[in-house]
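Notes to accompany the following structure.
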Amino acid sequence: RLQKLKEMFISKFGSAPQFYVRAPGRVNLIGEHIDYCGYAVLPMAIEQDILIAVEPVKTEVVQLANTDSLYLDFTTSVNNIQINKTKPQWHNYFLCGLKGIQEHFGLNNPTGMNCLLDGTIPPSSGLSSSSALVCCAGLVTLRANGKTLSKVELAEICTKSERYIGTEGGGMDQSISFLAEEGTAKLIEFSPLRATDVRLPSGAAFVIANSCVEMNKAATSHYNIRVMECRLATKLLSKSKGLDWKKMLRLHDVQTKLGVSLEEMLTIVEEVLHPEPYSTEEICKCLGISLEELRSQILSQNTQDVSTFKLYQRAKHVYSEAARVLEFKKICNAAPANAIQLLGELMNQSYISCREMYECSCPELDRLVDICLQFGAIGSRLTGAGWGGCTVSMVPTDKLNTFLKNVKKAYYQTDVQGLALESNSLFATKPGRGALVFVEA
């Protein structure tokens, strides 16, 4: 693949690349939609990745090209980075990483670059192709400008810089992209960012299946509305408990301030919030603020026009999912004889909560989860933001081949589109390694 990329680079730019950077995609085994609430998640890097060949140049220009002809070439001045939030095209994700590093170091005269990108992560599939691209671009820019940072610093910069495109992400994708190690999943905790190895049980394979429904976080409001619903739930829970609600941003903050367990937080949600959706008027009344203040001080730019918010359901999902993540890690560490059964059960509970409480599934994902469970998965759930993208299933290793054959037949071979996408839509994966730089010897 490197050789092929090098040849394409030479025919495109007329000279050879000086180095290559890769950043992997990821699958989140458990802990969906809780990283931006401050809670730990449990992802692993996958073998699919973004690979970029790079040649630093003397001009002040960045030229971006893609081995996939669907993605058009792009050229810009390195001193004038404009990121268009309205149409999230592939090059804008590269520019996020570039801009993040430039701003971190205050680079006045950054190096120009020729870059050719090759990606094997299915796009808009919930496997973090966009974050892998941001991370890859950050590392490319760092290397081209002769700077160094720790993996943790890089992950934090890339998390912030992806927000230039309008996605209010929490940092899981960027963290695992840099901190992953081969053979182990990671418990990723935030504030401060740290990663702990989690050994997955032998005897089980993790299988990713793409629903073939594309979901682009930056292009849809579903994702940002959920972030806002969690923020509003934080404010209402804080106010009801006499905390300084104006300073509270994440559901994790409420738990920390009150010094209670996740189980106790679930009880508090039951007491304080009602299951019916909250109107903006009711939220203003609860907080004692005007609609103008709500819009200017709390709501994000892209949620100004939303009129109702579901706070009870979202908070319930977050606190219960955060508890499942800790339980998952505990089972992996203790490795009881029935570990696979117990972990599968947690994955299934996570999926039901995502579907019922967080409402981030879709009919195709529901069908795919059913098919996976029917053909021998012990646990199966949506992974990534949802509303399309992939499922991850835990399958006993001895049943893997028949499982793949049956799922392929039941889901992909029923329609033409599925058949076309089937080749990279269903695969077993092992925990892969994090971002790397290769230098031409």
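Letters A, B, ... go to the chains of the structure tokens in the order shown; residues in each chain start at 1; ligands are counted from 1 in the same order.
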Original post:
In range 56-199 of chain A, what's alpha helix (DSSP H) per DSSP? Answer as a PyMOL selection string?
Top reply: chain A and resi 90-105+129-144+151-162+172-179
Contacts between range 369-388 of chain A and range 252-354 of chain A, please, where a residue of range 252-354 of chain A counts if it comes within 10 Å (with only C-alpha atoms); show its shortest atom pair and distance in Å to one decimal, rows by chain and ascending number, as a Markdown table.
```
| residue | atom | partner | partner_atom | distance |
| --- | --- | --- | --- | --- |
| A:Ile340 | CA | A:Ile378 | CA | 7.4 |
| A:Gln341 | CA | A:Ile378 | CA | 6.5 |
| A:Leu342 | CA | A:Ile378 | CA | 9.0 |
| A:Leu343 | CA | A:Gly379 | CA | 7.3 |
| A:Gly344 | CA | A:Gly379 | CA | 3.7 |
| A:Glu345 | CA | A:Gly379 | CA | 6.0 |
| A:Leu346 | CA | A:Gly379 | CA | 7.6 |
| A:Met347 | CA | A:Gly379 | CA | 5.3 |
| A:Asn348 | CA | A:Gly379 | CA | 5.4 |
| A:Gln349 | CA | A:Arg381 | CA | 8.6 |
| A:Ser350 | CA | A:Arg381 | CA | 6.9 |
| A:Tyr351 | CA | A:Arg381 | CA | 4.7 |
| A:Ile352 | CA | A:Arg381 | CA | 8.2 |
| A:Ser353 | CA | A:Arg381 | CA | 10.0 |
| A:Cys354 | CA | A:Leu382 | CA | 7.9 |
```
Original post:
Nearest to Ser69 in chain A among A:Leu262, A:Leu95, A:Gly119, A:Gly31, with distances taken over only C-alpha atoms: which residue is it?
Top reply: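 Going through A:Leu262, A:Leu95, A:Gly119, A:Gly31 one by one, the smallest distance to Ser69 in chain A is for A:Gly119.
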Original post:
Can you tell me, as a count of residues only, what residues are no more than 10 Å from Pro17 in chain A when counting only C-alpha atoms, ignoring any on the same chain fewer than 4 positions away?
Top reply: 17
Original post:
Any idea what's packed within 12 Å of Gly138 in chain A, counting only C-alpha atoms, ignoring anything in its chain fewer than 2 positions away? Could you give it as a ChimeraX atom specification?
Top reply: /A:21-23,52,93-105,131-136,140-145,147-149,151,153-162,174,177-178,435-437
Original post:
If you count only C-alpha atoms, which residues fall within 10 Å of Ile268 in chain A, apart from same-chain ones fewer than 3 positions away, as a VMD selection string?
Top reply: chain A and resid 237 240 to 241 262 to 265 271 to 273 316
Subject >> Shortest interatomic distance to Val407 in chain A - which of A:Ser11, A:Thr256, A:Ser211, A:Gln48, counting only C-alpha atoms >> reply: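 Ranked by minimum distance to Val407 in chain A, first place goes to A:Ser211.
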Subject >> strand (DSSP E) positions in range 137-227 of chain A, given as a list in words >> reply: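 Secondary structure check on range 137-227 of chain A, strand (DSSP E): Ala185, Lys186, Leu187, Ile188, Glu189, Arg194, Ala195, Thr196, Asp197, Val198, Ala204, Ala205, Phe206, Val207, Ile208, Ala209 and Asn210 of chain A.
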Selected residues written out with N, CA and C atoms, as a compact mmCIF listing (two decimals), in the first residue's frame:
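What landed in result.txt:
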```txt
# COMPACT_ATOMS: atom_id res chain seq x y z
N ALA A 185 -7.96 -3.12 24.22
CA ALA A 185 -8.89 -1.99 24.18
C ALA A 185 -8.43 -1.02 25.27
N LYS A 186 -9.04 0.16 25.34
CA LYS A 186 -8.62 1.15 26.34
C LYS A 186 -9.84 1.74 27.04
N LEU A 187 -9.70 1.89 28.36
CA LEU A 187 -10.67 2.72 29.07
C LEU A 187 -10.10 4.13 28.98
N ILE A 188 -10.86 5.04 28.35
CA ILE A 188 -10.38 6.41 28.19
C ILE A 188 -11.16 7.31 29.13
N GLU A 189 -10.42 7.98 30.02
CA GLU A 189 -11.05 8.92 30.96
C GLU A 189 -10.62 10.34 30.61
N ARG A 194 -6.61 10.26 30.23
CA ARG A 194 -5.71 9.13 30.47
C ARG A 194 -6.34 7.86 29.91
N ALA A 195 -5.49 6.89 29.58
CA ALA A 195 -5.96 5.65 28.97
C ALA A 195 -5.41 4.46 29.75
N THR A 196 -6.29 3.50 30.06
CA THR A 196 -5.89 2.30 30.79
C THR A 196 -6.19 1.07 29.94
N ASP A 197 -5.24 0.13 29.88
CA ASP A 197 -5.47 -1.10 29.09
C ASP A 197 -6.64 -1.90 29.63
N VAL A 198 -7.43 -2.43 28.70
CA VAL A 198 -8.50 -3.36 29.07
C VAL A 198 -8.34 -4.59 28.19
N ALA A 204 -13.49 -14.69 22.15
CA ALA A 204 -14.54 -13.87 21.53
C ALA A 204 -13.93 -12.97 20.47
N ALA A 205 -14.63 -12.82 19.37
CA ALA A 205 -14.19 -11.89 18.32
C ALA A 205 -15.19 -10.75 18.27
N PHE A 206 -14.70 -9.56 17.90
CA PHE A 206 -15.59 -8.43 17.72
C PHE A 206 -15.79 -8.21 16.22
N VAL A 207 -17.05 -8.18 15.81
CA VAL A 207 -17.37 -8.08 14.39
C VAL A 207 -18.09 -6.76 14.13
N ILE A 208 -17.60 -6.04 13.13
CA ILE A 208 -18.23 -4.78 12.74
C ILE A 208 -19.08 -5.03 11.50
N ALA A 209 -20.31 -4.55 11.53
CA ALA A 209 -21.20 -4.68 10.38
C ALA A 209 -21.76 -3.30 10.05
N ASN A 210 -21.59 -2.88 8.82
CA ASN A 210 -22.05 -1.55 8.39
C ASN A 210 -23.49 -1.65 7.90
```
Original post:
Taking into account only C-alpha atoms, which residue in the set A:Val269, A:Ile176, A:Val325, A:Met394 is nearest to Gly432 in chain A?
Top reply: A:Ile176
